[in-house]
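Undergrad: This is upload16.cif, which holds mmCIF, C-alpha atoms:
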```cif
data_model
loop_
_atom_site.label_atom_id
_atom_site.label_comp_id
_atom_site.auth_asym_id
_atom_site.auth_seq_id
_atom_site.Cartn_x
_atom_site.Cartn_y
_atom_site.Cartn_z
CA MET A 1 -26.19 5.39 35.13
CA LYS A 2 -26.85 8.12 32.56
CA GLN A 3 -27.51 7.22 28.92
CA GLU A 4 -24.13 8.68 27.84
CA ASP A 5 -22.33 6.52 30.41
CA GLU A 6 -24.26 3.44 29.28
CA ASP A 7 -23.37 4.17 25.64
CA LEU A 8 -19.67 4.53 26.50
CA ASP A 9 -19.78 1.37 28.61
CA SER A 10 -21.32 -0.56 25.71
CA LEU A 11 -18.83 0.91 23.22
CA VAL A 12 -15.82 -0.07 25.36
CA ARG A 13 -17.14 -3.63 25.73
CA LYS A 14 -17.63 -3.90 21.96
CA ARG A 15 -14.11 -2.57 21.36
CA ILE A 16 -12.58 -5.11 23.73
CA ARG A 17 -14.32 -7.95 21.92
CA ALA A 18 -13.58 -6.53 18.44
CA LEU A 19 -9.87 -6.06 19.24
CA ARG A 20 -9.68 -9.59 20.65
CA VAL A 21 -11.35 -11.07 17.57
CA ALA A 22 -9.17 -8.95 15.22
CA GLN A 23 -6.09 -10.47 16.89
CA GLY A 24 -7.55 -13.94 16.34
CA TRP A 25 -7.53 -14.61 20.09
CA SER A 26 -9.99 -16.74 22.00
CA LEU A 27 -11.44 -15.56 25.31
CA GLU A 28 -8.91 -17.85 27.00
CA GLU A 29 -5.94 -16.28 25.18
CA LEU A 30 -6.88 -12.69 26.06
CA ALA A 31 -7.80 -13.67 29.60
CA THR A 32 -4.35 -15.23 30.04
CA ARG A 33 -2.62 -12.15 28.61
CA ALA A 34 -4.67 -9.84 30.86
CA ARG A 35 -4.34 -12.14 33.92
CA LEU A 36 -8.11 -12.46 34.24
CA SER A 37 -10.26 -15.54 34.40
CA GLN A 38 -11.97 -16.54 31.18
CA SER A 39 -15.39 -16.21 32.82
CA SER A 40 -14.57 -12.69 34.09
CA LEU A 41 -13.52 -11.61 30.60
CA SER A 42 -16.67 -13.13 29.10
CA ARG A 43 -18.85 -11.26 31.62
CA ILE A 44 -16.96 -8.00 30.88
CA GLU A 45 -17.52 -8.39 27.12
CA ASN A 46 -21.19 -9.30 27.60
CA GLY A 47 -22.01 -6.52 30.08
CA ARG A 48 -22.68 -8.81 33.03
CA ARG A 49 -19.71 -7.51 35.02
CA ARG A 50 -18.88 -3.95 35.99
CA LEU A 51 -15.94 -2.40 34.16
CA ALA A 52 -13.23 -1.42 36.65
CA LEU A 53 -10.45 1.04 35.79
CA ASP A 54 -7.69 -1.39 36.77
CA GLN A 55 -9.16 -4.05 34.47
CA LEU A 56 -9.43 -1.56 31.61
CA VAL A 57 -5.76 -0.62 31.99
CA THR A 58 -4.77 -4.30 32.03
CA LEU A 59 -6.98 -5.11 29.04
CA ALA A 60 -5.68 -2.12 27.06
CA ARG A 61 -2.09 -3.32 27.60
CA ALA A 62 -2.97 -6.89 26.69
CA LEU A 63 -4.68 -5.67 23.51
CA ASP A 64 -1.67 -3.48 22.64
CA THR A 65 -3.65 -0.25 22.73
CA SER A 66 -3.90 2.69 25.10
CA LEU A 67 -6.58 3.35 27.66
CA ASP A 68 -7.37 6.59 25.80
CA GLN A 69 -8.06 4.69 22.58
CA LEU A 70 -10.11 2.09 24.38
CA VAL A 71 -12.45 4.64 25.97
CA GLU A 72 -12.51 7.46 23.41
CA THR A 73 -16.02 8.43 22.38
CA ALA A 74 -17.32 8.23 18.85
CA ILE A 75 -16.90 11.35 16.75
CA ASP A 76 -20.07 12.78 15.24
CA ASP A 77 -18.29 14.68 12.49
CA VAL A 78 -16.95 11.75 10.48
CA VAL A 79 -17.25 13.46 7.10
CA THR A 80 -14.81 16.30 6.36
CA SER A 81 -15.09 18.85 3.59
CA PRO A 82 -11.89 19.92 1.85
CA MET A 83 -10.28 23.33 1.96
CA ILE A 84 -9.94 24.26 -1.73
CA ASP A 85 -7.02 26.23 -3.10
CA ALA A 86 -8.07 26.93 -6.71
CA THR A 87 -4.92 28.95 -7.39
CA HIS A 88 -2.70 25.92 -6.82
CA GLY A 89 -5.22 23.28 -7.95
CA SER A 90 -5.24 21.55 -4.57
CA MET A 91 -7.63 20.36 -1.92
CA ARG A 92 -6.53 19.75 1.67
CA TRP A 93 -8.11 17.67 4.40
CA PRO A 94 -6.72 17.80 7.95
CA ILE A 95 -6.62 14.40 9.65
CA LYS A 96 -8.61 14.77 12.85
CA GLY A 97 -7.06 11.81 14.63
CA ASP A 98 -3.59 13.29 14.16
CA PRO A 99 -3.68 17.07 13.76
CA GLY A 100 -0.07 16.97 12.57
CA MET A 101 -1.05 15.08 9.40
CA THR A 102 -2.70 16.49 6.28
CA VAL A 103 -4.06 14.81 3.16
CA MET A 104 -3.83 16.85 -0.02
CA ARG A 105 -5.20 16.21 -3.50
CA GLN A 106 -3.32 18.16 -6.13
CA ARG A 107 -3.54 18.57 -9.90
CA LEU A 108 -0.13 18.99 -11.50
CA THR A 109 0.24 20.41 -15.00
CA GLU A 110 3.93 21.30 -15.20
CA PRO A 111 6.93 18.95 -15.31
CA PRO A 112 9.31 19.00 -12.34
CA PRO A 113 12.19 21.48 -12.60
CA ASP A 114 15.23 20.33 -14.56
CA ASN A 115 17.53 22.37 -12.36
CA PRO A 116 18.38 20.50 -9.09
CA ALA A 117 18.84 23.89 -7.40
CA ARG A 118 15.04 24.37 -7.67
CA MET A 119 14.32 21.20 -5.67
CA ARG A 120 13.32 21.59 -2.06
CA ALA A 121 14.55 19.89 1.09
CA HIS A 122 12.96 20.30 4.51
CA PRO A 123 12.22 18.30 7.63
CA GLY A 124 9.41 15.78 7.40
CA ARG A 125 8.11 12.82 5.52
CA GLU A 126 5.71 12.57 2.57
CA TRP A 127 3.64 9.83 1.00
CA LEU A 128 1.80 10.16 -2.30
CA VAL A 129 -0.24 8.09 -4.73
CA VAL A 130 -0.97 8.97 -8.35
CA LEU A 131 -4.72 9.11 -9.03
CA SER A 132 -4.56 9.86 -12.76
CA GLY A 133 -2.02 10.75 -15.41
CA THR A 134 1.71 10.23 -14.95
CA ALA A 135 3.83 11.96 -12.32
CA ILE A 136 7.58 12.42 -12.20
CA LEU A 137 9.18 12.42 -8.76
CA MET A 138 12.70 13.81 -8.55
CA LEU A 139 14.66 12.70 -5.47
CA GLY A 140 18.17 14.07 -5.53
CA HIS A 141 19.63 12.91 -8.85
CA ARG A 142 17.12 10.08 -9.25
CA ARG A 143 13.99 10.33 -11.39
CA PHE A 144 10.93 8.14 -10.73
CA ARG A 145 8.01 7.77 -13.13
CA LEU A 146 4.76 7.06 -11.25
CA GLU A 147 1.67 5.73 -13.01
CA PRO A 148 -1.89 5.64 -11.59
CA ASN A 149 -2.16 3.68 -8.34
CA GLN A 150 1.59 3.70 -7.78
CA ALA A 151 2.77 5.30 -4.55
CA ALA A 152 5.99 6.75 -3.18
CA GLU A 153 7.15 7.53 0.33
CA PHE A 154 10.28 9.48 1.15
CA PRO A 155 12.00 11.63 3.76
CA THR A 156 11.77 15.26 2.69
CA MET A 157 15.31 16.07 3.76
CA MET A 158 16.19 14.54 0.37
CA PRO A 159 16.00 17.33 -2.25
CA HIS A 160 12.79 16.64 -4.16
CA ALA A 161 10.29 17.93 -6.69
CA ILE A 162 7.23 16.46 -8.35
CA GLY A 163 5.48 17.33 -11.58
CA SER A 164 3.48 15.88 -14.43
CA ASP A 165 4.73 13.97 -17.46
CA GLY A 166 3.05 14.54 -20.82
CA GLY A 167 -0.14 16.11 -19.50
CA PRO A 168 -1.98 16.81 -16.27
CA CYS A 169 -1.88 14.35 -13.38
CA GLU A 170 -3.57 14.20 -10.02
CA ILE A 171 -1.90 13.01 -6.85
CA LEU A 172 -3.05 12.41 -3.31
CA GLY A 173 -0.37 13.21 -0.75
CA ILE A 174 -0.09 12.70 2.99
CA PHE A 175 2.21 15.09 4.80
CA ASP A 176 3.43 14.95 8.36
CA ARG A 177 3.47 18.19 10.38
CA ASP A 178 6.94 19.29 9.24
CA ALA A 179 6.34 18.53 5.55
CA ARG A 180 2.92 20.23 5.66
CA ARG A 181 4.41 23.42 7.07
CA SER A 182 7.00 23.53 4.30
CA HIS A 183 4.39 23.01 1.55
CA GLN A 184 1.69 25.41 2.72
CA GLY A 185 1.09 27.76 -0.18
CA ASP A 186 3.35 25.70 -2.46
CA THR A 187 2.44 24.38 -5.87
CA THR A 188 4.76 21.34 -5.61
#
```
Give the structure from the file, written as structure tokens.

TA:
Amino acid sequence: MKQEDEDLDSLVRKRIRALRVAQGWSLEELATRARLSQSSLSRIENGRRRLALDQLVTLARALDTSLDQLVETAIDDVVTSPMIDATHGSMRWPIKGDPGMTVMRQRLTEPPPDNPARMRAHPGREWLVVLSGTAILMLGHRRFRLEPNQAAEFPTMMPHAIGSDGGPCEILGIFDRDARRSHQGDTT
């Protein structure tokens, strides 16, 4: 067996054990769920039994995960540098595990528009947390004041706008694919 194969084999065994422990299950509980003997499961986790594809599929189901997630290899590029948009005072980080998601840090200096006609609506979903300052989130006719460490999540089909209140504020937002497309190049 090549070194890469041995590393993957070891990683999968560690994942099986870690997922079992995270669920609070004993060897017996997971073995029952996966329809394996307790000794077989113990030997799989400890590397004394060969990993078979049919067992991996069964174990993945029992652990409520996918086979892909169980056997995916470690990513070397864990640290990501932001894409900086100085014009709009924002930084964006794509989420590698889900290319449809984007994290964005943004500095807001203007209040949200008073005119509801200037609010936007588009497909998608957004989540944000205030890092510093005070933000005002307008959702339809409702106005929400968000202080540091407070978060909001909302469907973006609701007309919305966000801005600062009484000085600059910084937010961290997570946008799904549809919301990200609508906000590319936006300041709000």

Undergrad: Enclose region 130-138 of chain A, meaning all of its atoms listed in the file, in a box aligned along x, y and z, pad it by 3 Å on each side, and list the centre and edge lengths in Å to one decimal, as AutoDock Vina command-line options.

TA:
```
--center_x 4.0 --center_y 11.4 --center_z -11.9 --size_x 23.4 --size_y 10.8 --size_z 13.1
```

Undergrad: Do you know which residues are at most 12 Å from region 23-31 of chain A counting only C-alpha atoms, after dropping those on the same chain fewer than 2 positions away, and could you put them as a PDB file with C-alpha atoms, in the frame of the given file?

TA:
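Output (part-v9.pdb):
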```pdb
ATOM      1  CA  ILE A  16     -12.580  -5.110  23.730  1.00  0.00           C
ATOM      2  CA  ARG A  17     -14.320  -7.950  21.920  1.00  0.00           C
ATOM      3  CA  ALA A  18     -13.580  -6.530  18.440  1.00  0.00           C
ATOM      4  CA  LEU A  19      -9.870  -6.060  19.240  1.00  0.00           C
ATOM      5  CA  ARG A  20      -9.680  -9.590  20.650  1.00  0.00           C
ATOM      6  CA  VAL A  21     -11.350 -11.070  17.570  1.00  0.00           C
ATOM      7  CA  ARG A  33      -2.620 -12.150  28.610  1.00  0.00           C
ATOM      8  CA  ALA A  34      -4.670  -9.840  30.860  1.00  0.00           C
ATOM      9  CA  ARG A  35      -4.340 -12.140  33.920  1.00  0.00           C
ATOM     10  CA  LEU A  36      -8.110 -12.460  34.240  1.00  0.00           C
ATOM     11  CA  SER A  37     -10.260 -15.540  34.400  1.00  0.00           C
ATOM     12  CA  GLN A  38     -11.970 -16.540  31.180  1.00  0.00           C
ATOM     13  CA  SER A  39     -15.390 -16.210  32.820  1.00  0.00           C
ATOM     14  CA  SER A  40     -14.570 -12.690  34.090  1.00  0.00           C
ATOM     15  CA  LEU A  41     -13.520 -11.610  30.600  1.00  0.00           C
ATOM     16  CA  SER A  42     -16.670 -13.130  29.100  1.00  0.00           C
ATOM     17  CA  ARG A  43     -18.850 -11.260  31.620  1.00  0.00           C
ATOM     18  CA  ILE A  44     -16.960  -8.000  30.880  1.00  0.00           C
ATOM     19  CA  GLU A  45     -17.520  -8.390  27.120  1.00  0.00           C
ATOM     20  CA  ASN A  46     -21.190  -9.300  27.600  1.00  0.00           C
ATOM     21  CA  GLN A  55      -9.160  -4.050  34.470  1.00  0.00           C
ATOM     22  CA  THR A  58      -4.770  -4.300  32.030  1.00  0.00           C
ATOM     23  CA  LEU A  59      -6.980  -5.110  29.040  1.00  0.00           C
ATOM     24  CA  ALA A  60      -5.680  -2.120  27.060  1.00  0.00           C
ATOM     25  CA  ARG A  61      -2.090  -3.320  27.600  1.00  0.00           C
ATOM     26  CA  ALA A  62      -2.970  -6.890  26.690  1.00  0.00           C
ATOM     27  CA  LEU A  63      -4.680  -5.670  23.510  1.00  0.00           C
ATOM     28  CA  ASP A  64      -1.670  -3.480  22.640  1.00  0.00           C
TER      29      ASP A  64
END
```

Undergrad: For a test of reading the model, state the distance in Å between CA of Pro155 (chain A) and CA of Glu110 (chain A), rounded to one decimal.

TA: 22.8 Å

Undergrad: Interatomic distance between CA of Met158 (chain A) and CA of Leu139 (chain A)?

TA: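 Atom-to-atom, CA of Met158 (chain A) and CA of Leu139 (chain A) are spaced 6.3 Å apart.
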
Undergrad: Give the answer as one residue: which of A:Asp176, A:Glu72, A:Asp85, A:Glu153 has the shortest atom-to-atom distance to Asp9 (chain A), using all atoms listed in the file?

TA: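 Among A:Asp176, A:Glu72, A:Asp85, A:Glu153, it is A:Glu72 that comes nearest to Asp9 (chain A).
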
Undergrad: Which residues fall under the PyMOL selection byres ((chain A and resi 143-147) around 9) in this file, as a list in words?

TA: Val129, Val130, Leu131, Ser132, Gly133, Thr134, Ala135, Ile136, Leu137, Met138, Leu139, Gly140, His141, Arg142, Pro148, Asn149, Gln150, Ala151, Ala152 and Asp165 of chain A

Undergrad: Taking the file as shown, what set of residues would the PyMOL selection byres ((chain A and resi 127) around 7) give back, as JSON, numbers by chain?

TA: {"A": [126, 128, 152, 153, 154, 173, 174, 175]}
